[in-house]
Amino acid sequence: YVIHSEADRQVPIENAARAVERLQAMRAPVTFARLPSGDHYDYRLVIAELHNVCPWLETVWQQP
């Protein structure tokens, strides 16, 4: 589960997007949450996104 802000000025979202594309090409069960706002150290938005991570983990852990 990759969470990244499109407004991140420290680490460009393109780096995460390329990593997600590579993982998807390998059929890895990856989900990419692209946050529309928030800078690199704005954890409030990441914390808000975490409610989606637990259900995702449950589906991933059930895969062989």
# chains A, B, ... in the order shown; residues from 1 in each chain; ligands from 1
call {"tool": "select_by_dssp", "arguments": {"residues": "chain A", "states": "alpha helix (DSSP H)", "output": "count of residues only"}}
result
29
call {"tool": "residues_around", "arguments": {"residues": "Ile3 (chain A)", "least_positions_apart": "5", "cutoff": "7 Å", "atoms": "only C-alpha atoms", "output": "ChimeraX atom specification"}}
result
/A:32-34,46
call {"tool": "select_by_dssp", "arguments": {"residues": "chain A", "states": "strand (DSSP E)", "output": "number ranges by chain"}}
result
A: 2-5, 32-35
call {"tool": "write_last_selection", "arguments": {"atoms": "C-alpha atoms", "output": "mmCIF file, in the first residue's frame"}}
result
data_model
loop_
_atom_site.group_PDB
_atom_site.id
_atom_site.type_symbol
_atom_site.label_atom_id
_atom_site.label_comp_id
_atom_site.auth_asym_id
_atom_site.auth_seq_id
_atom_site.Cartn_x
_atom_site.Cartn_y
_atom_site.Cartn_z
ATOM 1 C CA VAL A 2 1.707 3.167 -1.196
ATOM 2 C CA ILE A 3 0.480 6.527 0.063
ATOM 3 C CA HIS A 4 1.938 9.612 -1.570
ATOM 4 C CA SER A 5 0.897 13.208 -2.030
ATOM 5 C CA PHE A 32 -1.527 3.363 -4.741
ATOM 6 C CA ALA A 33 -3.286 6.118 -2.806
ATOM 7 C CA ARG A 34 -2.493 9.401 -4.526
ATOM 8 C CA LEU A 35 -3.316 12.186 -2.101
#
call {"tool": "residues_around", "arguments": {"residues": "region 50-60 of chain A", "least_positions_apart": "5", "cutoff": "9 Å", "atoms": "only C-alpha atoms", "output": "list in words"}}
result
Tyr1, Ile3, Pro29, Val30, Thr31 and Leu45 of chain A
call {"tool": "write_last_selection", "arguments": {"atoms": "C-alpha atoms", "output": "JSON list (two decimals), in the first residue's frame"}}
result
[["chain", "number", "residue", "atom", "x", "y", "z"],
["A", 1, "TYR", "CA", 0.00, 0.00, 0.00],
["A", 3, "ILE", "CA", 0.48, 6.53, 0.06],
["A", 29, "PRO", "CA", -0.93, -6.79, -4.87],
["A", 30, "VAL", "CA", -0.16, -3.10, -4.60],
["A", 31, "THR", "CA", -2.56, -0.21, -4.07],
["A", 45, "LEU", "CA", -3.56, 13.14, 5.48]]
call {"tool": "atom_distance", "arguments": {"atom1": "CA of Asp42 (chain A)", "atom2": "CA of Asn15 (chain A)"}}
result
18.3 Å
call {"tool": "atom_distance", "arguments": {"atom1": "CA of Ser37 (chain A)", "atom2": "CA of Asp8 (chain A)"}}
result
7.9 Å
call {"tool": "atom_distance", "arguments": {"atom1": "CA of Ile47 (chain A)", "atom2": "CA of Arg27 (chain A)"}}
result
26.6 Å
call {"tool": "residues_around", "arguments": {"residues": "Ala7 (chain A)", "least_positions_apart": "3", "cutoff": "7 Å", "atoms": "only C-alpha atoms", "output": "list in words"}}
result
Pro36, Ser37, Gly38 and Asp39 of chain A
